Amino acid sequence: MPITYAAVKALSAQLYDWSLRKVPDDTKAGLEAALARETQEGARQILRMMLGSARRAEQDERFVCSDAGVPVYHVTIGTAAQLDGDIKQAIGDGFDELVERISPPLLKHVTNPLTNERGYKGKDMPLITWDVAGGADWVEILCQPKALGSGRWAALETFSFPTLAQIEEYVMKVVMQAGSQHCPPVIIGVGIGGSLDVAAKIASNATMRPVGSTNPEPVLAAMEERLLRAVNATGFGPMGTGGDTTALAVHVDYAAGHGYTPVAVCFNCWINRRTRARLHADGSVERFE
Amino acid sequence: MSASDDRRAEAPEATSTEGLNRMRSMRFPMSPADARSLRAGDVILVEGEIVITAGLPTHLRLLDCAERNAAPPIAIAGGSLLHLGSYSRDTADGGLEVLYMNPTTSTRFNALMPRLIRHYGLTAVGGKGGLDAGCVAAMQEVGCVYLSFLGGGAPLHTAAIRAVKEVAWNDLVAHYRLVRLGVEGLGPLTVGIDAHGNSLFQSLQAGAAARMPEILARLAQDREGAGA
C-alpha cells in the first residue's frame, strides 16, 4: 500500500500541533532529575514552574510557549516505501491547513529575512531536510519547530586540525555568548567535522536525541559528560537567573572531514519541542513522541 | 481557584521555603519608591495593570512619540513596558481577549530601552534574558526594575489575565501590538535587575567568566582521565 499525499499532509499538521502542547517525556524526566539535584531555591522554584507549565499545557491542550516557531521537519524515506503523490508539497499544504484551523490561532512568525516582514508563508517554508533509510518501507517525519529564543545563539566556527581542547573551549565560548538568554536549561547539540553544512546538520540532529540517552560511542559519551558538567558549572541556571542547571544534556556527534573542521553548536530551549511518527506501508501511524 | 493559587499549586514545595517567604505581591503600576524597595533576586507576584509588547516596530513608534512629545495610544508613563508577546483579538460582543501570552528575548531591545525608560519614567520592564549595562544605568536613574518571566510559561502567565483593557496599533501583527492588561497574581517573577544597579545577568556572566579558567582546567583533567 503506498504512502499517500493525504497521509503525509495530515501527519505533518498533527505533528506540529502536538509539538506545541507537550514537552517530550524524556525532557520532563530530565527536568525532574535536575530539580532533585539543584541546590539553589530560586532555581528549584523555576524548575517546578517549568514542570507545572508543561503539565498544564498537556492537560488543557494549550501552547507551552506563545512563540510557535517556524515549521521544521526532518523526513526519512525508506528505500522500499512506495510513495503516491508529492510528499514535499503535502508537508507545506499540511502546515497551511493547520494555520487555517488550529485553535488557538498561531502568531505570525515566518519572517522574510530581507525585510523582517512576518506572516504564515515564506520562501522555502516549511524548512525540510531529507534522509533515506535503506530497506525500510515506511516514511518517518520528525517535527521540531524552531524560534529565535534559542535559535539565535547557534554558532559555527571552522578550525584546522583542532585538538579536542580547542573544540571544547569553543563549545564553552558559545555557551558564554548565549549566557542567560536561551531559556535554559537547554539541550546542546554539537556537530564536529564533515563540511560546513554537514557539521550544522549533525549539531541539529544531535539535539533530537532523547535527554538521558547515552551516546553509543564511549569517546563521545565521555565528552558529553564532561561538557555537561562544565556548562552547568557556569551557574547561569534555569531562565538564566542563577542555579546549577544551565543544560539538561550535551549531545555530540561527528563526521570525518578533511582537516578543516567546522564545529557547530546549537541549542534547544527547555521545552525542547519535538514530535516524531512513522507512516507504515499498511496505512498505520506509529507515534514515537 | 485564583491565578496565584494555580501557580502555588504548581510549586507546592515552595510554600515553606525561604524563596517563597521572600515573595511579595506588588501593585502595578509601581511608584519609583516601590521599585527601589525591590532587590535583585527577589521574587514577586504582580497585581494590577501592565502594558506589554514583543515588537521592535512598536518600540520604534514609542520612541517616535517621545521625540515628537506626542502621547502614545496607551499611556505608559510611570508604568510598565514588558516584553511579552500575546495573541489578542476582538470578541463577538465588541470586547477584546488575549488567548495566550509569554515573554520574549529582551536584549534585542537593548539599544532602545534606555531612552524609553528615561522618557516615560518606566518603573518596570521585563521579559526574559535581561538587558545590558546601558539599560541598568537608566533603570537606576529612574527607579525601575527588570522582571524575569518563565519562558515557556504561557499556560501560567495567561491564567493571570483578568481583563484586556486596551489594544493599540492593530495594524501590526498581534504580538507586536501594545496591550494593556489587568492581571492578578502574575508570576512568580524574579527581579533580574534592581533599581540600584544590580543585575543578576551581569553578575552571573562575570562569575562564569571568572570561573572559566577553572572550568577549562577541569575539562582538561577529565579529558586526561578519559584517555582523550
# chains A, B, ... in the order shown; residues from 1 in each chain; ligands from 1
>>> select_by_dssp(residues="segment 41-179 of chain A", states="strand (DSSP E)", output="ChimeraX atom specification")
/A:72-78,83-84,110-111,118-119,127-133,139-143,155-160
>>> write_last_selection(atoms="C-alpha atoms", output="PDB file, in the first residue's frame")
ATOM      1  CA  VAL A  72      10.909  22.493  10.670  1.00  0.00           C
ATOM      2  CA  TYR A  73      10.611  18.898   9.504  1.00  0.00           C
ATOM      3  CA  HIS A  74      13.120  16.075   9.130  1.00  0.00           C
ATOM      4  CA  VAL A  75      11.847  13.363   6.819  1.00  0.00           C
ATOM      5  CA  THR A  76      13.353   9.906   6.441  1.00  0.00           C
ATOM      6  CA  ILE A  77      12.102   7.887   3.481  1.00  0.00           C
ATOM      7  CA  GLY A  78      12.515   4.135   3.432  1.00  0.00           C
ATOM      8  CA  LEU A  83       5.018   6.929  -2.463  1.00  0.00           C
ATOM      9  CA  ASP A  84       1.840   8.193  -4.067  1.00  0.00           C
ATOM     10  CA  VAL A 110       7.545  33.181   9.340  1.00  0.00           C
ATOM     11  CA  THR A 111       9.944  36.055   8.637  1.00  0.00           C
ATOM     12  CA  ARG A 118       6.195  38.361   9.184  1.00  0.00           C
ATOM     13  CA  GLY A 119       3.385  36.109   8.061  1.00  0.00           C
ATOM     14  CA  LEU A 127      12.150  24.045   6.337  1.00  0.00           C
ATOM     15  CA  ILE A 128      12.554  20.380   5.407  1.00  0.00           C
ATOM     16  CA  THR A 129      15.591  18.114   5.379  1.00  0.00           C
ATOM     17  CA  TRP A 130      15.562  14.669   3.801  1.00  0.00           C
ATOM     18  CA  ASP A 131      17.242  11.387   4.534  1.00  0.00           C
ATOM     19  CA  VAL A 132      16.778   7.794   3.407  1.00  0.00           C
ATOM     20  CA  ALA A 133      16.645   4.539   5.371  1.00  0.00           C
ATOM     21  CA  VAL A 139       8.287   7.270   5.966  1.00  0.00           C
ATOM     22  CA  GLU A 140       9.278   8.897   9.246  1.00  0.00           C
ATOM     23  CA  ILE A 141       8.573  12.561   9.960  1.00  0.00           C
ATOM     24  CA  LEU A 142      10.079  14.481  12.858  1.00  0.00           C
ATOM     25  CA  CYS A 143       8.779  17.974  13.589  1.00  0.00           C
ATOM     26  CA  ALA A 155      27.163  29.339  16.108  1.00  0.00           C
ATOM     27  CA  LEU A 156      29.754  27.677  13.908  1.00  0.00           C
ATOM     28  CA  GLU A 157      33.485  28.145  13.539  1.00  0.00           C
ATOM     29  CA  THR A 158      35.875  26.360  11.223  1.00  0.00           C
ATOM     30  CA  PHE A 159      39.205  25.160  12.605  1.00  0.00           C
ATOM     31  CA  SER A 160      42.210  23.477  11.039  1.00  0.00           C
TER      32      SER A 160
END
>>> select_by_dssp(residues="segment 56-259 of chain A", states="helix (DSSP H, G or I)", output="JSON, numbers by chain")
{"A": [56, 57, 58, 59, 60, 87, 88, 89, 90, 91, 92, 93, 94, 95, 96, 97, 98, 99, 100, 101, 148, 149, 150, 151, 164, 165, 166, 167, 168, 169, 170, 171, 172, 173, 174, 175, 176, 177, 178, 196, 197, 198, 199, 200, 201, 202, 203, 204, 205, 206, 207, 208, 218, 219, 220, 221, 222, 223, 224, 225, 226, 227, 228, 229, 230, 231, 232, 238, 239, 240]}
>>> interface_residues(of="chain A", to="chain B", cutoff="7 Å", atoms="only C-alpha atoms", output="NGL selection string")
:A and (41-42 or 45 or 48-50 or 52-53 or 56-57 or 62-66 or 104 or 107-108 or 149 or 165 or 179-181 or 183 or 222 or 226 or 230 or 233-236 or 239-242 or 271)
>>> write_last_selection(atoms="N, CA and C atoms", output="short mmCIF file (atom, residue, chain, number, x, y, z; two decimals), in the first residue's frame")
data_model
loop_
_atom_site.label_atom_id
_atom_site.label_comp_id
_atom_site.auth_asym_id
_atom_site.auth_seq_id
_atom_site.Cartn_x
_atom_site.Cartn_y
_atom_site.Cartn_z
N GLU A 41 17.44 27.51 45.79
CA GLU A 41 15.99 27.51 45.93
C GLU A 41 15.28 28.27 44.81
N GLY A 42 15.83 29.42 44.42
CA GLY A 42 15.20 30.18 43.33
C GLY A 42 15.14 29.34 42.05
N GLN A 45 12.49 26.66 42.32
CA GLN A 45 11.15 27.19 42.10
C GLN A 45 10.86 27.33 40.60
N ARG A 48 10.28 23.94 39.09
CA ARG A 48 8.92 23.47 39.42
C ARG A 48 7.88 24.16 38.55
N MET A 49 8.08 25.46 38.29
CA MET A 49 7.14 26.17 37.41
C MET A 49 7.19 25.60 35.99
N MET A 50 8.39 25.24 35.53
CA MET A 50 8.52 24.64 34.20
C MET A 50 7.71 23.34 34.13
N GLY A 52 5.27 22.52 36.01
CA GLY A 52 3.86 22.90 36.14
C GLY A 52 3.29 23.39 34.82
N SER A 53 4.07 24.22 34.13
CA SER A 53 3.62 24.76 32.85
C SER A 53 3.44 23.63 31.83
N ARG A 56 0.28 21.69 32.75
CA ARG A 56 -0.93 22.43 32.41
C ARG A 56 -1.18 22.42 30.90
N ALA A 57 -0.09 22.61 30.14
CA ALA A 57 -0.24 22.65 28.68
C ALA A 57 -0.78 21.31 28.18
N ARG A 62 -3.04 23.31 25.80
CA ARG A 62 -2.66 24.69 25.49
C ARG A 62 -1.24 24.71 24.95
N PHE A 63 -0.88 25.86 24.36
CA PHE A 63 0.51 26.03 23.91
C PHE A 63 1.40 26.25 25.13
N VAL A 64 2.57 25.59 25.15
CA VAL A 64 3.53 25.82 26.24
C VAL A 64 4.12 27.22 26.09
N CYS A 65 4.40 27.60 24.84
CA CYS A 65 5.03 28.88 24.55
C CYS A 65 4.18 29.62 23.53
N SER A 66 4.13 30.94 23.64
CA SER A 66 3.34 31.69 22.66
C SER A 66 4.02 31.72 21.30
N PRO A 104 -5.82 27.57 19.89
CA PRO A 104 -5.89 28.96 19.45
C PRO A 104 -5.04 29.17 18.19
N LEU A 107 0.52 32.77 16.09
CA LEU A 107 1.04 34.09 15.76
C LEU A 107 1.85 33.97 14.46
N LYS A 108 2.05 35.11 13.79
CA LYS A 108 2.79 35.10 12.53
C LYS A 108 4.29 35.17 12.80
N GLY A 149 14.28 32.48 20.30
CA GLY A 149 14.68 32.40 21.71
C GLY A 149 15.93 31.58 21.92
N ALA A 165 40.77 19.85 22.99
CA ALA A 165 40.73 21.00 23.91
C ALA A 165 40.18 22.23 23.19
N GLY A 179 24.77 32.80 27.33
CA GLY A 179 24.58 33.25 28.72
C GLY A 179 23.25 32.84 29.30
N SER A 180 22.46 33.86 29.65
CA SER A 180 21.17 33.64 30.33
C SER A 180 20.00 33.60 29.36
N GLN A 181 20.28 33.69 28.06
CA GLN A 181 19.21 34.15 27.17
C GLN A 181 18.43 33.11 26.40
N CYS A 183 16.56 30.53 27.25
CA CYS A 183 15.57 29.77 28.03
C CYS A 183 16.16 28.47 28.55
N ALA A 222 31.93 10.21 26.95
CA ALA A 222 32.78 10.85 27.97
C ALA A 222 32.84 12.37 27.71
N ARG A 226 31.59 15.35 30.35
CA ARG A 226 32.42 16.42 30.93
C ARG A 226 31.97 17.80 30.45
N ALA A 230 30.77 20.96 32.71
CA ALA A 230 31.38 22.28 32.51
C ALA A 230 30.31 23.35 32.28
N ALA A 233 28.61 24.20 35.40
CA ALA A 233 29.48 24.94 36.34
C ALA A 233 29.46 26.45 36.07
N THR A 234 28.90 26.86 34.92
CA THR A 234 28.84 28.31 34.64
C THR A 234 27.89 29.02 35.59
N GLY A 235 26.83 28.33 36.02
CA GLY A 235 25.93 28.91 37.02
C GLY A 235 24.81 29.78 36.48
N PHE A 236 24.61 29.82 35.15
CA PHE A 236 23.52 30.66 34.62
C PHE A 236 22.16 30.20 35.15
N MET A 239 16.26 29.71 33.41
CA MET A 239 15.91 31.04 32.92
C MET A 239 17.04 32.06 33.12
N GLY A 240 18.24 31.56 33.38
CA GLY A 240 19.40 32.44 33.41
C GLY A 240 19.46 33.37 34.61
N THR A 241 18.73 33.02 35.68
CA THR A 241 18.79 33.87 36.87
C THR A 241 19.53 33.18 38.02
N GLY A 242 20.34 32.18 37.66
CA GLY A 242 21.22 31.55 38.64
C GLY A 242 20.80 30.15 39.03
N ILE A 271 11.76 23.63 26.65
CA ILE A 271 10.53 22.91 26.25
C ILE A 271 10.83 21.90 25.14
#
>>> closest_residue(among="B:Ala92, B:Ala137, B:Val125, B:Cys65", to="Ile50 of chain B", atoms="only C-alpha atoms")
B:Val125
>>> closest_residue(among="B:Ser37, B:Leu116, B:Val51, B:Arg24", to="Asp64 of chain B", atoms="only C-alpha atoms")
B:Leu116
>>> residues_around(residues="Asp197 of chain A", least_positions_apart="4", cutoff="12 Å", atoms="only C-alpha atoms", output="tab-separated table (two decimals) with N, CA and C atoms, in the first residue's frame")
chain	number	residue	atom	x	y	z
A	129	THR	N	14.40	18.85	5.80
A	129	THR	CA	15.59	18.11	5.38
A	129	THR	C	15.19	16.66	5.15
A	156	LEU	N	28.89	28.63	14.59
A	156	LEU	CA	29.75	27.68	13.91
A	156	LEU	C	31.09	28.35	13.64
A	157	GLU	N	32.16	27.62	13.89
A	157	GLU	CA	33.49	28.15	13.54
A	157	GLU	C	34.28	27.02	12.89
A	158	THR	N	35.09	27.38	11.91
A	158	THR	CA	35.88	26.36	11.22
A	158	THR	C	37.33	26.42	11.67
A	191	GLY	N	28.12	19.55	16.58
A	191	GLY	CA	28.49	18.80	15.38
A	191	GLY	C	29.92	19.12	15.00
A	192	ILE	N	30.72	18.09	14.80
A	192	ILE	CA	32.14	18.29	14.53
A	192	ILE	C	32.50	17.64	13.19
A	193	GLY	N	33.15	18.41	12.33
A	193	GLY	CA	33.72	17.84	11.11
A	193	GLY	C	32.78	17.84	9.92
A	201	LYS	N	24.23	20.33	10.39
A	201	LYS	CA	23.18	19.30	10.39
A	201	LYS	C	23.39	18.30	11.53
A	202	ILE	N	24.66	17.92	11.73
A	202	ILE	CA	24.96	16.98	12.82
A	202	ILE	C	24.57	17.59	14.16
A	203	ALA	N	24.90	18.87	14.35
A	203	ALA	CA	24.57	19.54	15.63
A	203	ALA	C	23.06	19.57	15.83
A	204	SER	N	22.34	19.92	14.77
A	204	SER	CA	20.89	19.99	14.85
A	204	SER	C	20.30	18.60	15.14
A	255	ALA	N	31.51	13.83	11.91
A	255	ALA	CA	31.71	13.15	10.62
A	255	ALA	C	33.18	13.35	10.26
A	257	GLY	N	36.21	14.41	7.99
A	257	GLY	CA	36.32	15.55	7.07
A	257	GLY	C	37.70	15.57	6.48
A	261	THR	N	38.01	21.72	10.03
A	261	THR	CA	36.99	21.09	10.87
A	261	THR	C	35.98	22.11	11.39
A	262	PRO	N	34.81	22.18	10.75
A	262	PRO	CA	33.78	23.06	11.30
A	262	PRO	C	33.24	22.46	12.61
A	263	VAL	N	33.02	23.32	13.58
A	263	VAL	CA	32.39	22.90	14.83
A	263	VAL	C	31.13	23.75	14.99
A	264	ALA	N	29.98	23.08	15.01
A	264	ALA	CA	28.69	23.77	15.13
A	264	ALA	C	28.09	23.49	16.50
>>> residues_around(residues="Cys269 of chain A", least_positions_apart="5", cutoff="12 Å", atoms="only C-alpha atoms", output="PyMOL selection string")
(chain A and resi 23+27+50+64-65+67+69+144-154+178+180-189+207+238-240+246-249+274) or (chain B and resi 150-152)
>>> write_last_selection(atoms="N, CA and C atoms", output="compact mmCIF listing (two decimals), in the first residue's frame")
# COMPACT_ATOMS: atom_id res chain seq x y z
N VAL A 23 5.56 18.90 26.28
CA VAL A 23 7.02 18.79 26.44
C VAL A 23 7.34 17.30 26.41
N THR A 27 12.28 14.86 28.29
CA THR A 27 12.70 16.19 28.74
C THR A 27 12.10 16.51 30.11
N MET A 50 8.39 25.24 35.53
CA MET A 50 8.52 24.64 34.20
C MET A 50 7.71 23.34 34.13
N VAL A 64 2.57 25.59 25.15
CA VAL A 64 3.53 25.82 26.24
C VAL A 64 4.12 27.22 26.09
N CYS A 65 4.40 27.60 24.84
CA CYS A 65 5.03 28.88 24.55
C CYS A 65 4.18 29.62 23.53
N ASP A 67 5.33 31.53 21.32
CA ASP A 67 6.07 31.53 20.06
C ASP A 67 6.11 30.12 19.49
N GLY A 69 7.24 29.19 16.82
CA GLY A 69 8.39 28.98 15.95
C GLY A 69 7.98 28.90 14.50
N GLN A 144 10.20 19.70 14.51
CA GLN A 144 10.95 20.37 15.57
C GLN A 144 10.88 21.89 15.30
N PRO A 145 9.76 22.52 15.67
CA PRO A 145 9.63 23.96 15.40
C PRO A 145 10.76 24.73 16.06
N LYS A 146 11.31 25.71 15.36
CA LYS A 146 12.44 26.49 15.90
C LYS A 146 12.05 27.96 15.97
N ALA A 147 12.57 28.63 17.02
CA ALA A 147 12.28 30.05 17.22
C ALA A 147 13.54 30.78 17.64
N LEU A 148 13.43 32.11 17.64
CA LEU A 148 14.58 32.96 17.94
C LEU A 148 15.15 32.73 19.34
N GLY A 149 14.28 32.48 20.30
CA GLY A 149 14.68 32.40 21.71
C GLY A 149 15.93 31.58 21.92
N SER A 150 15.97 30.37 21.35
CA SER A 150 17.19 29.56 21.47
C SER A 150 17.94 29.49 20.14
N GLY A 151 17.21 29.64 19.02
CA GLY A 151 17.85 29.54 17.70
C GLY A 151 18.89 30.61 17.46
N ARG A 152 18.66 31.79 18.04
CA ARG A 152 19.53 32.96 17.87
C ARG A 152 20.97 32.69 18.29
N TRP A 153 21.19 31.73 19.17
CA TRP A 153 22.52 31.57 19.79
C TRP A 153 23.37 30.50 19.16
N ALA A 154 22.84 29.84 18.12
CA ALA A 154 23.63 28.82 17.42
C ALA A 154 24.84 29.48 16.76
N ALA A 178 25.67 32.80 24.73
CA ALA A 178 24.23 32.63 24.97
C ALA A 178 23.88 33.08 26.39
N SER A 180 22.46 33.86 29.65
CA SER A 180 21.17 33.64 30.33
C SER A 180 20.00 33.60 29.36
N GLN A 181 20.28 33.69 28.06
CA GLN A 181 19.21 34.15 27.17
C GLN A 181 18.43 33.11 26.40
N HIS A 182 18.85 31.85 26.41
CA HIS A 182 18.22 30.87 25.51
C HIS A 182 17.19 29.99 26.21
N CYS A 183 16.56 30.53 27.25
CA CYS A 183 15.57 29.77 28.03
C CYS A 183 16.16 28.47 28.55
N PRO A 184 17.24 28.58 29.36
CA PRO A 184 17.82 27.39 29.95
C PRO A 184 16.92 26.82 31.05
N PRO A 185 17.06 25.51 31.39
CA PRO A 185 18.10 24.59 30.93
C PRO A 185 17.87 24.11 29.49
N VAL A 186 18.96 24.15 28.71
CA VAL A 186 18.89 23.84 27.29
C VAL A 186 19.40 22.43 26.98
N ILE A 187 19.10 22.01 25.76
CA ILE A 187 19.70 20.80 25.20
C ILE A 187 20.70 21.32 24.16
N ILE A 188 21.96 20.93 24.28
CA ILE A 188 23.00 21.47 23.40
C ILE A 188 23.41 20.40 22.40
N GLY A 189 23.40 20.78 21.11
CA GLY A 189 23.87 19.88 20.06
C GLY A 189 25.21 20.37 19.55
N THR A 207 20.50 17.43 18.79
CA THR A 207 19.51 17.91 19.77
C THR A 207 18.27 17.02 19.80
N PRO A 238 18.37 27.92 35.58
CA PRO A 238 17.07 27.97 34.90
C PRO A 238 16.65 29.42 34.62
N MET A 239 16.26 29.71 33.41
CA MET A 239 15.91 31.04 32.92
C MET A 239 17.04 32.06 33.12
N GLY A 240 18.24 31.56 33.38
CA GLY A 240 19.40 32.44 33.41
C GLY A 240 19.46 33.37 34.61
N THR A 246 22.06 24.67 33.89
CA THR A 246 22.05 25.51 32.68
C THR A 246 21.73 24.64 31.46
N ALA A 247 22.12 23.37 31.50
CA ALA A 247 21.80 22.44 30.40
C ALA A 247 21.26 21.14 30.98
N LEU A 248 20.33 20.52 30.25
CA LEU A 248 19.85 19.18 30.63
C LEU A 248 20.70 18.12 29.96
N ALA A 249 21.30 18.47 28.81
CA ALA A 249 22.10 17.48 28.07
C ALA A 249 23.01 18.18 27.07
N ARG A 274 9.49 18.65 20.06
CA ARG A 274 9.91 17.56 19.16
C ARG A 274 8.82 16.49 19.13
N LEU B 150 9.07 33.33 33.31
CA LEU B 150 9.34 31.97 32.83
C LEU B 150 9.05 31.90 31.34
N GLY B 151 10.08 31.60 30.52
CA GLY B 151 9.84 31.31 29.11
C GLY B 151 9.16 29.95 29.03
N GLY B 152 8.28 29.77 28.07
CA GLY B 152 7.53 28.50 28.03
C GLY B 152 6.53 28.42 29.17
